[in-house]
file entry_12.cif (mmCIF, C-alpha atoms and all ligand atoms)
data_query
loop_
_atom_site.label_atom_id
_atom_site.label_comp_id
_atom_site.auth_asym_id
_atom_site.auth_seq_id
_atom_site.Cartn_x
_atom_site.Cartn_y
_atom_site.Cartn_z
CA MET A 11 -8.28 110.11 -9.55
CA THR A 12 -9.25 109.31 -5.96
CA LYS A 13 -7.65 110.74 -2.86
CA ILE A 14 -8.14 109.59 0.69
CA LYS A 15 -6.67 111.18 3.75
CA LEU A 16 -5.22 108.88 6.36
CA LYS A 17 -5.32 109.56 10.07
CA LYS A 18 -1.95 109.65 11.79
CA SER A 19 -3.00 106.64 13.84
CA GLU A 20 -3.56 104.65 10.62
CA ILE A 21 0.11 104.89 9.64
CA PRO A 22 2.45 102.42 11.37
CA LYS A 23 5.51 103.81 13.09
CA VAL A 24 8.05 102.31 10.65
CA TYR A 25 6.64 104.56 7.93
CA SER A 26 7.89 107.68 9.74
CA ILE A 27 11.44 107.23 8.43
CA PRO A 28 10.57 107.06 4.68
CA ILE A 29 7.87 109.70 5.17
CA ASN A 30 10.43 112.05 6.73
CA ILE A 31 12.82 111.48 3.83
CA ALA A 32 10.02 112.36 1.41
CA ILE A 33 9.18 115.47 3.45
CA GLN A 34 12.85 116.49 3.33
CA LEU A 35 12.66 116.33 -0.48
CA VAL A 36 9.43 118.34 -0.52
CA LYS A 37 11.02 120.98 1.71
CA ASN A 38 13.82 121.24 -0.84
CA GLY A 39 11.22 122.15 -3.44
CA TYR A 40 10.57 118.80 -5.13
CA SER A 41 7.65 116.38 -5.38
CA ALA A 42 8.14 113.17 -3.44
CA PHE A 43 5.85 110.25 -2.62
CA LEU A 44 5.90 106.83 -1.10
CA VAL A 45 4.91 104.48 -3.89
CA GLY A 46 4.14 100.88 -4.84
CA GLY A 47 4.33 97.93 -2.46
CA CYS A 48 4.71 99.93 0.74
CA VAL A 49 1.51 101.91 0.05
CA ARG A 50 -0.39 98.74 -0.89
CA ASP A 51 0.87 96.97 2.22
CA LEU A 52 -0.04 99.93 4.43
CA LEU A 53 -3.64 99.77 3.19
CA LEU A 54 -3.71 95.99 3.68
CA SER A 55 -2.16 96.26 7.16
CA ARG A 56 0.71 94.03 6.05
CA ASP A 57 4.18 94.50 7.52
CA THR A 58 6.90 95.73 5.24
CA ARG A 59 10.50 96.82 5.59
CA ASP A 60 10.91 97.80 1.92
CA PHE A 61 10.01 101.33 0.98
CA ASP A 62 10.06 102.93 -2.44
CA LEU A 63 10.13 106.69 -2.80
CA ASN A 64 9.48 108.51 -6.02
CA THR A 65 10.62 112.04 -6.76
CA ASN A 66 11.48 114.60 -9.41
CA CYS A 67 14.55 115.73 -7.45
CA PRO A 68 17.46 115.72 -9.93
CA VAL A 69 19.96 112.90 -9.58
CA LYS A 70 22.79 115.30 -8.80
CA ILE A 71 20.87 116.81 -5.89
CA LEU A 72 19.80 113.38 -4.62
CA ARG A 73 23.48 112.49 -4.42
CA GLN A 74 24.14 115.61 -2.36
CA LEU A 75 21.11 115.22 -0.09
CA PHE A 76 21.79 111.52 0.64
CA PRO A 77 25.56 111.06 0.62
CA ARG A 78 25.21 107.71 2.42
CA ALA A 79 22.86 106.30 -0.22
CA LYS A 80 24.27 103.88 -2.81
CA GLN A 81 23.42 104.66 -6.40
CA LYS A 82 22.20 101.64 -8.34
CA LYS A 83 23.55 100.87 -11.79
CA PRO A 84 23.03 102.12 -14.42
CA ASP A 85 23.56 105.66 -13.14
CA HIS A 86 21.16 107.31 -15.56
CA TYR A 87 18.15 105.50 -13.98
CA GLY A 88 18.58 107.70 -10.93
CA VAL A 89 17.86 105.06 -8.30
CA PHE A 90 19.42 105.25 -4.82
CA GLU A 91 19.42 102.66 -2.05
CA LEU A 92 19.45 103.69 1.55
CA LYS A 93 19.60 101.51 4.67
CA GLU A 94 18.01 103.28 7.58
CA ALA A 95 17.19 101.58 10.90
CA ASN A 96 17.15 98.19 9.19
CA LEU A 97 14.72 99.38 6.52
CA ASP A 98 15.49 99.14 2.81
CA ILE A 99 14.59 102.45 1.27
CA GLU A 100 14.85 103.07 -2.44
CA ILE A 101 14.65 106.58 -3.82
CA ALA A 102 13.98 106.76 -7.56
CA HIS A 103 13.51 109.59 -9.98
CA PHE A 104 10.14 109.68 -11.82
CA ARG A 105 10.58 107.86 -15.07
CA SER A 106 8.79 106.69 -18.11
CA ASP A 107 9.53 103.38 -19.83
CA PHE A 108 9.27 102.92 -23.59
CA ASP A 109 10.54 100.72 -26.43
CA TYR A 110 9.94 97.49 -24.54
CA ASP A 111 11.56 94.32 -25.87
CA GLY A 112 9.50 91.80 -23.91
CA ARG A 113 11.37 92.32 -20.65
CA HIS A 114 13.41 95.53 -20.74
CA SER A 115 12.69 99.02 -21.91
CA ARG A 116 14.43 102.29 -22.48
CA VAL A 117 14.07 104.71 -19.60
CA GLU A 118 13.55 108.43 -19.60
CA LEU A 119 13.64 110.55 -16.45
CA ILE A 120 10.61 112.81 -16.31
CA ASN A 121 9.16 115.56 -14.16
CA GLN A 122 5.62 114.21 -13.62
CA LEU A 123 4.28 111.56 -11.29
CA GLU A 124 1.42 110.17 -13.37
CA PRO A 125 3.37 108.67 -16.29
CA ASP A 126 5.64 107.00 -13.75
CA LEU A 127 2.60 105.34 -12.22
CA GLN A 128 1.21 104.45 -15.63
CA ARG A 129 4.22 102.23 -16.43
CA ARG A 130 3.67 100.15 -13.29
CA ASP A 131 2.19 96.68 -13.50
CA PHE A 132 -0.95 96.42 -11.36
CA THR A 133 -3.47 98.94 -10.06
CA VAL A 134 -2.78 98.02 -6.43
CA ASN A 135 0.95 98.58 -7.02
CA ALA A 136 0.52 102.08 -8.41
CA MET A 137 -0.82 104.14 -5.53
CA VAL A 138 1.19 106.80 -3.76
CA LEU A 139 1.21 108.35 -0.31
CA GLU A 140 1.70 112.11 -0.24
CA PRO A 141 3.98 112.58 2.77
CA GLN A 142 2.81 115.92 4.18
CA LYS A 143 -0.96 115.62 3.89
CA LYS A 144 -0.81 111.87 4.47
CA GLU A 145 -3.03 111.39 1.45
CA ILE A 146 -3.33 108.29 -0.70
CA ILE A 147 -3.53 109.21 -4.37
CA ASP A 148 -4.95 106.58 -6.69
CA TYR A 149 -5.17 107.13 -10.47
CA PHE A 150 -6.17 103.67 -11.69
CA GLY A 151 -8.79 102.25 -9.33
CA GLY A 152 -6.29 100.54 -7.07
CA LEU A 153 -8.36 101.30 -3.96
CA ASP A 154 -11.43 99.56 -5.41
CA ASP A 155 -9.38 96.58 -6.52
CA LEU A 156 -7.77 96.38 -3.11
CA ALA A 157 -11.20 96.35 -1.47
CA ARG A 158 -12.26 93.50 -3.76
CA SER A 159 -8.97 91.60 -3.46
CA LEU A 160 -8.44 91.89 -7.19
CA LEU A 161 -5.20 91.98 -9.11
CA ARG A 162 -5.65 93.84 -12.36
CA THR A 163 -3.16 95.26 -14.84
CA ILE A 164 -3.02 98.95 -15.51
CA GLY A 165 -4.24 99.20 -19.09
CA GLU A 166 -4.83 96.37 -21.55
CA PRO A 167 -3.39 93.15 -20.11
CA ARG A 168 -2.13 91.69 -23.40
CA GLN A 169 -0.25 94.86 -24.22
CA ARG A 170 1.26 95.01 -20.74
CA PHE A 171 2.35 91.36 -20.89
CA ARG A 172 3.81 91.77 -24.37
CA GLU A 173 5.85 94.71 -23.10
CA ASP A 174 7.18 92.64 -20.24
CA ALA A 175 6.33 88.94 -20.00
CA LEU A 176 7.60 88.71 -16.43
CA ARG A 177 4.49 90.57 -15.31
CA MET A 178 2.49 87.36 -15.80
CA LEU A 179 4.51 85.55 -13.15
CA ARG A 180 4.46 88.66 -11.00
CA ALA A 181 0.66 88.58 -11.21
CA VAL A 182 0.62 85.03 -9.85
CA ARG A 183 3.15 85.96 -7.16
CA PHE A 184 1.04 88.89 -5.95
CA ALA A 185 -2.20 86.88 -6.13
CA SER A 186 -0.53 84.27 -3.90
CA LYS A 187 1.18 86.67 -1.58
CA LEU A 188 -1.86 88.89 -1.04
CA ASP A 189 -4.43 86.10 -1.45
CA PHE A 190 -6.07 88.06 -4.29
CA LYS A 191 -8.00 86.87 -7.33
CA LEU A 192 -6.79 87.68 -10.81
CA HIS A 193 -9.22 89.97 -12.62
CA PRO A 194 -10.83 87.93 -15.46
CA ASP A 195 -9.21 90.11 -18.16
CA THR A 196 -5.82 89.76 -16.50
CA PHE A 197 -6.35 86.00 -16.14
CA ASN A 198 -7.37 85.66 -19.80
CA GLY A 199 -4.44 87.78 -20.95
CA ILE A 200 -2.04 85.49 -19.12
CA SER A 201 -3.71 82.34 -20.45
CA GLU A 202 -3.31 83.69 -23.97
CA LEU A 203 0.28 84.83 -23.65
CA ALA A 204 1.73 82.34 -21.15
CA HIS A 205 4.07 81.06 -23.88
CA LEU A 206 5.96 84.38 -23.83
CA THR A 207 7.46 83.20 -20.56
CA SER A 208 9.79 81.03 -22.62
CA THR A 209 11.45 84.20 -23.93
CA LEU A 210 12.51 85.23 -20.41
CA SER A 211 15.84 84.50 -18.81
CA PRO A 212 15.46 81.39 -16.61
CA ASP A 213 16.98 83.38 -13.77
CA TRP A 214 14.04 85.77 -13.79
CA VAL A 215 11.57 82.91 -14.03
CA ARG A 216 13.21 81.08 -11.14
CA LYS A 217 13.21 84.21 -9.00
CA GLU A 218 9.49 84.80 -9.48
CA PHE A 219 8.66 81.11 -9.10
CA TRP A 220 10.67 81.04 -5.86
CA GLY A 221 8.73 84.13 -4.79
CA ILE A 222 5.46 82.27 -5.42
CA LEU A 223 6.63 79.19 -3.49
CA ASN A 224 7.82 81.44 -0.68
CA THR A 225 4.35 82.83 0.02
CA ALA A 226 1.97 81.39 2.59
CA ASN A 227 -0.44 80.76 -0.27
CA SER A 228 1.70 78.89 -2.74
CA ALA A 229 -1.01 76.26 -3.30
CA LYS A 230 -3.12 79.03 -4.76
CA GLY A 231 -0.18 80.21 -6.87
CA PHE A 232 0.37 76.68 -8.13
CA LYS A 233 -3.29 76.38 -9.14
CA LEU A 234 -3.03 79.68 -11.03
CA LEU A 235 0.15 78.54 -12.77
CA VAL A 236 -1.66 75.39 -13.89
CA ASP A 237 -4.94 77.11 -14.80
CA THR A 238 -3.23 79.79 -16.91
CA GLY A 239 -0.80 77.34 -18.51
CA LEU A 240 2.21 79.22 -17.14
CA ILE A 241 3.39 76.03 -15.44
CA ASP A 242 4.46 74.56 -18.80
CA TYR A 243 7.08 77.30 -19.09
CA VAL A 244 8.12 77.21 -15.46
CA LEU A 245 8.48 73.45 -15.09
CA PRO A 246 8.66 72.26 -18.69
CA GLY A 247 7.91 68.59 -19.19
CA VAL A 248 6.32 68.09 -15.78
CA ARG A 249 2.77 66.76 -16.10
CA PHE A 250 0.13 67.71 -13.61
CA THR A 251 -2.69 65.43 -14.57
CA ASP A 252 -5.79 65.07 -12.52
CA GLU A 253 -5.06 62.70 -9.68
CA PRO A 254 -1.50 63.63 -8.73
CA TYR A 255 -2.40 67.29 -9.26
CA GLN A 256 -5.04 67.24 -6.52
CA LYS A 257 -2.71 65.36 -4.20
CA LEU A 258 0.14 67.83 -4.84
CA ARG A 259 -2.10 70.83 -4.27
CA LYS A 260 -3.22 69.50 -0.95
CA ALA A 261 0.36 68.69 0.06
CA LEU A 262 1.45 72.19 -0.95
CA SER A 263 -1.31 73.70 1.09
CA ARG A 264 -0.14 71.71 4.13
CA ALA A 265 3.42 72.89 3.43
CA ASP A 266 2.10 76.48 3.32
CA LYS A 267 0.56 76.05 6.76
CA LYS A 268 3.85 74.77 8.11
CA GLY A 269 5.76 77.69 6.55
CA MET A 270 8.04 75.35 4.65
CA GLU A 271 10.98 76.37 2.49
CA PRO A 272 10.48 76.90 -1.26
CA SER A 273 12.87 74.04 -2.07
CA ASN A 274 10.72 71.60 -0.07
CA LYS A 275 7.65 72.86 -1.86
CA LEU A 276 9.33 72.34 -5.20
CA ALA A 277 10.22 68.79 -4.12
CA ILE A 278 6.50 68.25 -3.49
CA LEU A 279 5.61 69.47 -6.99
CA LEU A 280 8.21 67.19 -8.57
CA SER A 281 7.48 64.18 -6.38
CA SER A 282 5.23 62.42 -8.90
CA SER A 283 7.56 62.83 -11.87
CA PRO A 284 10.20 60.46 -13.23
CA GLN A 285 13.78 61.37 -12.35
CA ASP A 286 14.82 62.48 -15.85
CA ILE A 287 11.93 64.96 -15.94
CA VAL A 288 12.84 66.22 -12.47
CA GLN A 289 16.44 66.73 -13.51
CA ASN A 290 15.43 68.53 -16.70
CA ALA A 291 13.10 70.89 -14.91
CA ILE A 292 15.75 71.69 -12.32
CA ARG A 293 18.39 72.28 -14.98
CA HIS A 294 15.99 74.47 -16.91
CA LEU A 295 15.41 76.71 -13.89
CA ARG A 296 19.15 76.87 -13.19
CA ILE A 297 18.62 75.97 -9.57
CA PRO A 298 21.87 76.20 -7.58
CA VAL A 299 23.62 72.83 -7.25
CA SER A 300 23.24 72.42 -3.48
CA ILE A 301 19.48 72.95 -3.63
CA ALA A 302 19.12 70.91 -6.83
CA SER A 303 20.90 67.86 -5.38
CA ARG A 304 18.69 67.97 -2.31
CA ILE A 305 15.51 68.07 -4.41
CA ILE A 306 16.76 65.25 -6.62
CA TRP A 307 17.61 63.12 -3.58
CA LEU A 308 14.25 63.79 -1.94
CA THR A 309 12.15 63.04 -5.01
CA GLY A 310 14.30 60.03 -5.90
CA ASN A 311 13.98 58.42 -2.47
CA LEU A 312 10.29 58.88 -1.80
CA SER A 313 9.39 55.52 -3.31
CA ASP A 314 12.03 53.78 -1.15
CA LEU A 315 10.44 55.32 1.89
CA ALA A 316 7.07 53.94 0.90
CA ASP A 317 8.49 50.43 1.15
CA THR A 318 11.17 50.55 3.80
CA THR A 319 10.34 47.09 5.13
CA GLU A 320 11.53 45.68 1.81
CA LEU A 321 14.92 47.38 1.88
CA PRO A 322 18.09 45.38 2.59
CA PRO A 323 19.92 46.66 5.72
CA ALA A 324 22.69 48.46 3.78
CA GLU A 325 20.23 50.43 1.67
CA MET A 326 18.07 51.12 4.66
CA VAL A 327 21.03 52.52 6.60
CA GLU A 328 22.13 54.67 3.66
CA LEU A 329 18.61 56.05 3.43
CA VAL A 330 17.92 56.79 7.07
CA ASP A 331 21.43 58.03 7.92
CA HIS A 332 21.29 60.51 5.08
CA LEU A 333 21.47 64.19 5.94
CA TYR A 334 18.14 64.79 4.18
CA PHE A 335 16.24 61.89 5.73
CA PRO A 336 14.32 64.09 8.24
CA ALA A 337 13.21 66.26 5.31
CA LEU A 338 12.18 63.11 3.43
CA LEU A 339 10.01 62.00 6.34
CA GLU A 340 8.41 65.41 6.44
CA LEU A 341 7.76 65.32 2.71
CA TYR A 342 6.15 61.91 3.05
CA HIS A 343 3.97 63.26 5.84
CA LEU A 344 2.74 66.11 3.64
CA LEU A 345 2.07 63.89 0.64
CA TYR A 346 0.58 60.86 2.38
CA PRO A 347 -1.03 62.04 5.60
CA ALA A 348 -3.26 58.93 5.75
CA GLU A 349 -0.30 56.54 5.60
CA TRP A 350 1.78 58.70 7.88
CA GLU A 351 0.68 57.18 11.21
CA LYS A 352 1.79 53.75 10.07
CA LYS A 353 5.07 55.12 8.72
CA ARG A 354 5.69 56.96 11.93
CA GLY A 355 5.09 53.67 13.76
CA ASP A 356 7.66 52.00 11.47
CA PHE A 357 10.24 54.60 12.37
CA LYS A 358 9.34 55.15 16.02
CA ILE A 359 12.33 53.17 17.23
CA ILE A 360 14.75 54.37 14.57
CA VAL A 361 14.30 58.13 14.67
CA PRO A 362 15.62 58.78 18.22
CA ASN A 363 18.64 56.60 17.41
CA LEU A 364 19.61 58.48 14.25
CA ALA A 365 21.51 61.11 16.21
CA LYS A 366 23.70 58.46 17.87
CA LYS A 367 27.20 57.91 16.54
CA TYR A 368 28.02 54.58 14.89
CA ILE A 369 28.54 52.12 17.73
CA LEU A 370 31.51 50.56 15.86
CA ASN A 371 33.58 52.08 13.10
CA GLY A 372 35.37 50.48 10.15
CA ASP A 373 38.66 50.12 12.04
CA ASP A 374 36.85 48.27 14.85
CA ILE A 375 35.48 45.80 12.35
CA ILE A 376 38.84 45.29 10.64
CA ARG A 377 40.40 44.60 14.06
CA LEU A 378 37.59 42.33 15.29
CA LEU A 379 37.47 40.20 12.16
CA GLY A 380 41.12 40.47 11.15
CA ILE A 381 40.16 41.38 7.59
CA GLU A 382 41.39 44.03 5.18
CA SER A 383 39.40 47.16 4.51
CA GLY A 384 36.96 46.79 1.63
CA LYS A 385 33.41 45.97 0.70
CA ARG A 386 32.98 43.35 3.42
CA VAL A 387 33.82 45.89 6.14
CA LYS A 388 31.15 48.22 4.85
CA GLU A 389 28.58 45.42 4.78
CA VAL A 390 29.28 44.49 8.39
CA LEU A 391 29.33 48.16 9.39
CA TYR A 392 25.85 48.65 7.98
CA GLU A 393 24.54 45.45 9.58
CA VAL A 394 25.73 46.72 12.95
CA ARG A 395 24.32 50.18 12.33
CA PHE A 396 21.01 48.66 11.25
CA ARG A 397 20.71 46.79 14.52
CA GLN A 398 21.83 49.79 16.49
CA LEU A 399 19.12 51.92 14.86
CA TRP A 400 16.50 49.31 15.66
CA GLY A 401 17.66 49.32 19.28
CA LYS A 402 18.93 45.74 19.17
CA LEU A 403 22.56 46.64 19.88
CA LYS A 404 22.97 49.13 22.66
CA THR A 405 26.49 48.81 24.00
CA ARG A 406 29.85 48.51 22.36
CA GLN A 407 30.31 45.11 24.01
CA GLU A 408 27.04 43.84 22.53
CA ALA A 409 28.10 45.08 19.11
CA GLU A 410 31.54 43.46 19.29
CA ASP A 411 30.03 40.13 20.39
CA TYR A 412 27.50 40.34 17.59
CA VAL A 413 30.21 40.90 14.97
CA ARG A 414 32.42 38.09 16.26
CA GLN A 415 29.52 35.64 16.46
CA ASN A 416 27.99 36.41 13.08
CA PHE A 417 30.79 37.45 10.79
CA SER A 418 33.96 35.66 11.91
CA ASN A 419 35.12 33.41 9.17
CA PRO A 420 37.53 30.72 10.37
CA ASP A 421 38.85 30.30 6.80
CA GLN A 422 40.01 33.89 6.52
P1 LIG A 501 7.13 93.17 -2.86
O1 LIG A 501 6.62 93.50 -1.50
O2 LIG A 501 6.83 91.79 -3.25
O3 LIG A 501 8.57 93.59 -3.09
P2 LIG A 501 6.53 95.37 -4.55
O4 LIG A 501 5.22 95.98 -4.96
O5 LIG A 501 7.46 96.23 -3.75
O6 LIG A 501 6.21 94.03 -3.82
P3 LIG A 501 8.69 95.08 -6.44
O7 LIG A 501 8.98 93.96 -7.34
O8 LIG A 501 9.64 95.37 -5.33
O9 LIG A 501 7.22 94.87 -5.88
O10 LIG A 501 8.53 96.36 -7.34
C1 LIG A 501 8.26 97.66 -6.81
C2 LIG A 501 7.23 98.39 -7.66
O11 LIG A 501 7.77 98.62 -8.97
C3 LIG A 501 5.95 97.58 -7.91
O12 LIG A 501 4.99 97.84 -6.88
C4 LIG A 501 5.49 98.10 -9.26
O13 LIG A 501 4.81 99.31 -9.10
C5 LIG A 501 6.79 98.39 -9.98
N1 LIG A 501 7.27 97.27 -10.82
C6 LIG A 501 8.21 96.35 -10.49
N2 LIG A 501 8.43 95.50 -11.49
C7 LIG A 501 7.61 95.87 -12.50
C8 LIG A 501 7.38 95.38 -13.82
N3 LIG A 501 8.02 94.32 -14.29
N4 LIG A 501 6.47 96.05 -14.58
C9 LIG A 501 5.84 97.13 -14.11
N5 LIG A 501 6.00 97.63 -12.88
C10 LIG A 501 6.88 97.01 -12.07
MG MG A 502 9.53 95.60 -3.22
#
call {"tool": "encode", "arguments": {"input": "entry_12.cif", "output": "structure tokens", "more": "lines below"}}
Ligand code: ATP
Ligand code: MG
result
Amino acid sequence: MTKIKLKKSEIPKVYSIPINIAIQLVKNGYSAFLVGGCVRDLLLSRDTRDFDLNTNCPVKILRQLFPRAKQKKPDHYGVFELKEANLDIEIAHFRSDFDYDGRHSRVELINQLEPDLQRRDFTVNAMVLEPQKKEIIDYFGGLDDLARSLLRTIGEPRQRFREDALRMLRAVRFASKLDFKLHPDTFNGISELAHLTSTLSPDWVRKEFWGILNTANSAKGFKLLVDTGLIDYVLPGVRFTDEPYQKLRKALSRADKKGMEPSNKLAILLSSSPQDIVQNAIRHLRIPVSIASRIIWLTGNLSDLADTTELPPAEMVELVDHLYFPALLELYHLLYPAEWEKKRGDFKIIVPNLAKKYILNGDDIIRLLGIESGKRVKEVLYEVRFRQLWGKLKTRQEAEDYVRQNFSNPDQ
């Protein structure tokens, strides 16, 4: 066990609230520590607003001491959530987990700190801060691993991943988020047991995958998913063979630099796959419909964007007037930076005009041409819009003249 004492000046101000809660527990005669992510992030000088506290204070007393805290279900886990000055503080009773089934375990509340730390996933996630002495206590070599930017399981990786297969995706998420390497044993354990991911609920998988895409280092996470073989169970059926793989990694890394949304990053990863594979992967991950339809539209329209000069006016208008078109342009930029300048040139005139309302509407066209509503009206509407977008029709008068001159049919 290693202990290091922190100077007051080394502890950011936001920590004073959870530290004071822990001190309150200690003053009531119990052990209490800050634990997990908030201790790791403190040592890495990373901001956090999530704080976990760990204590042997009985659940009944916790309820009395923190009447405003909400107890999480199930009650016998003894976990309380507290919102304090916009911080999310979780107070949990020391516990030990046993009888794992590959994701869940039975839980026993215990009186000691160490077994509670032992059940945790990675060495860097299992350090505590003693609130009064301001001491970091490290049982498993977390400080060394932190100094070497290493993510390593506590105990034998294969055993820990068999207990809970989600830890493999968590490993990739933390490696991405913290920009850490996986320890070789941890990496090998994942490579061997990646298939256990298929036993997990897709909702858990999606949550962790989203967490990976949400980091500023998702390109690294993606490489780890591919290198360990986890990707086959996250995006089943999607092939990442050599050439597209390199292109996608680079695009993802550009998306990371721009701080793009996870759904745009997923669209990048699916951009080289046929539509049925894209749809399968999205269904498999149970992605909410609104996000799924956006990804399907983006991936499905990338090839049209590559060849916009070939598109008939109606299709062109449907493409560029689409709600997601700006996102499509951005995706193209990330995937094909070399072709981007030319594409931008192609769209230089169009883009500022996209925000303009249709210069004529369907009723105008019906009135001008004296025709019934129907397919023909839509065709003319799109022709007008096409010319408006290209800056060839600027005023309503110009548009009306254009319609009369080009589409009036004396026989109608
Ligand atoms: P983040 O900042 O991403 O929330 P975190 O370290 O707080 O990171 P959480 O998922 O919030 O991660 O979990 C809190 C702590 O609980 C972890 O630091 C770890 O000690 C423990 N933990 C969470 N999930 C598991 C798991 N599946 N197996 C073992 N320990 C876990
Ligand atoms: Mg957390």
call {"tool": "closest_residue", "arguments": {"input": "entry_12.cif", "among": "A:Ser383, A:Ser106, A:Asn96, A:Gln74", "to": "ligand LIG 501 (chain A)", "atoms": "all atoms listed in the file"}}
result
A:Ser106
call {"tool": "residues_around", "arguments": {"input": "entry_12.cif", "residues": "range 46-52 of chain A", "least_positions_apart": "5", "cutoff": "8 Å", "atoms": "all atoms listed in the file", "output": "PyMOL selection string"}}
result
chain A and resi 21-22+57-58+60-62+134-139
call {"tool": "residues_around", "arguments": {"input": "entry_12.cif", "residues": "Ala102 in chain A", "least_positions_apart": "6", "cutoff": "10 Å", "atoms": "all atoms listed in the file", "output": "PyMOL selection string"}}
result
chain A and resi 42+62-69+72+81-82+87-91+119
call {"tool": "write_last_selection", "arguments": {"input": "entry_12.cif", "atoms": "C-alpha atoms", "output": "PDB file, keeping the file's coordinate frame"}}
result
ATOM      1  CA  ALA A  42       8.140 113.170  -3.440  1.00  0.00           C
ATOM      2  CA  ASP A  62      10.060 102.930  -2.440  1.00  0.00           C
ATOM      3  CA  LEU A  63      10.130 106.690  -2.800  1.00  0.00           C
ATOM      4  CA  ASN A  64       9.480 108.510  -6.020  1.00  0.00           C
ATOM      5  CA  THR A  65      10.620 112.040  -6.760  1.00  0.00           C
ATOM      6  CA  ASN A  66      11.480 114.600  -9.410  1.00  0.00           C
ATOM      7  CA  CYS A  67      14.550 115.730  -7.450  1.00  0.00           C
ATOM      8  CA  PRO A  68      17.460 115.720  -9.930  1.00  0.00           C
ATOM      9  CA  VAL A  69      19.960 112.900  -9.580  1.00  0.00           C
ATOM     10  CA  LEU A  72      19.800 113.380  -4.620  1.00  0.00           C
ATOM     11  CA  GLN A  81      23.420 104.660  -6.400  1.00  0.00           C
ATOM     12  CA  LYS A  82      22.200 101.640  -8.340  1.00  0.00           C
ATOM     13  CA  TYR A  87      18.150 105.500 -13.980  1.00  0.00           C
ATOM     14  CA  GLY A  88      18.580 107.700 -10.930  1.00  0.00           C
ATOM     15  CA  VAL A  89      17.860 105.060  -8.300  1.00  0.00           C
ATOM     16  CA  PHE A  90      19.420 105.250  -4.820  1.00  0.00           C
ATOM     17  CA  GLU A  91      19.420 102.660  -2.050  1.00  0.00           C
ATOM     18  CA  LEU A 119      13.640 110.550 -16.450  1.00  0.00           C
TER      19      LEU A 119
END
call {"tool": "atom_distance", "arguments": {"input": "entry_12.cif", "atom1": "CA of Ala265 in chain A", "atom2": "CA of Arg162 in chain A"}}
result
27.8 Å
call {"tool": "atom_distance", "arguments": {"input": "entry_12.cif", "atom1": "CA of Ala261 in chain A", "atom2": "CA of Tyr342 in chain A"}}
result
9.4 Å
call {"tool": "residues_around", "arguments": {"input": "entry_12.cif", "residues": "Ile287 in chain A", "least_positions_apart": "4", "cutoff": "8 Å", "atoms": "all atoms listed in the file", "output": "PyMOL selection string"}}
result
chain A and resi 247-248+283+291
call {"tool": "atom_distance", "arguments": {"input": "entry_12.cif", "atom1": "CA of Thr196 in chain A", "atom2": "CA of Glu166 in chain A"}}
result
8.4 Å
call {"tool": "residues_around", "arguments": {"input": "entry_12.cif", "residues": "Glu145 in chain A", "least_positions_apart": "6", "cutoff": "6 Å", "atoms": "all atoms listed in the file", "output": "MDAnalysis selection string"}}
result
chainID A and resid 14:16 139
call {"tool": "closest_residue", "arguments": {"input": "entry_12.cif", "among": "A:Ser19, A:Gln142, A:Asn198, A:Asn224", "to": "ligand LIG 501 (chain A)", "atoms": "all atoms listed in the file"}}
result
A:Asn224
call {"tool": "residues_around", "arguments": {"input": "entry_12.cif", "residues": "Ile200 in chain A", "least_positions_apart": "4", "cutoff": "8 Å", "atoms": "only C-alpha atoms", "output": "VMD selection string"}}
result
chain A and resid 167 to 168 171 178 196 204 238 240
call {"tool": "closest_residue", "arguments": {"input": "entry_12.cif", "among": "A:Glu140, A:Phe184, A:Phe108, A:Leu160", "to": "ligand LIG 501 (chain A)", "atoms": "all atoms listed in the file"}}
result
A:Phe184
call {"tool": "closest_residue", "arguments": {"input": "entry_12.cif", "among": "A:Glu351, A:Asp242, A:Asp331, A:Asp109", "to": "Leu364 in chain A", "atoms": "all atoms listed in the file"}}
result
A:Asp331
call {"tool": "residues_near_point", "arguments": {"input": "entry_12.cif", "point": "(-3.8, 108.6, -6.3)", "cutoff": "7 Å", "atoms": "only C-alpha atoms", "output": "list in words"}}
result
Met11, Thr12, Lys13, Met137, Val138, Ile146, Ile147, Asp148 and Tyr149 of chain A
call {"tool": "closest_residue", "arguments": {"input": "entry_12.cif", "among": "A:Thr133, A:Asn290, A:Gln407, A:Ser159", "to": "Leu54 in chain A", "atoms": "only C-alpha atoms"}}
result
A:Ser159
call {"tool": "closest_residue", "arguments": {"input": "entry_12.cif", "among": "A:Val45, A:Val182, A:Ala316, A:Leu92", "to": "ligand MG 502 (chain A)", "atoms": "all atoms listed in the file"}}
result
A:Val45
call {"tool": "build_atoms", "arguments": {"input": "entry_12.cif", "residues": "range 75-79 of chain A", "atoms": "N, CA and C atoms", "output": "tab-separated table (two decimals), keeping the file's coordinate frame"}}
result
chain	number	residue	atom	x	y	z
A	75	LEU	N	21.99	115.29	-1.26
A	75	LEU	CA	21.11	115.22	-0.09
A	75	LEU	C	21.32	113.92	0.69
A	76	PHE	N	21.66	112.84	-0.02
A	76	PHE	CA	21.79	111.52	0.64
A	76	PHE	C	23.16	110.92	0.36
A	77	PRO	N	24.20	111.52	0.94
A	77	PRO	CA	25.56	111.06	0.62
A	77	PRO	C	25.79	109.60	1.01
A	78	ARG	N	25.01	109.11	1.99
A	78	ARG	CA	25.21	107.71	2.42
A	78	ARG	C	24.47	106.71	1.53
A	79	ALA	N	23.63	107.21	0.64
A	79	ALA	CA	22.86	106.30	-0.22
A	79	ALA	C	23.76	105.76	-1.33
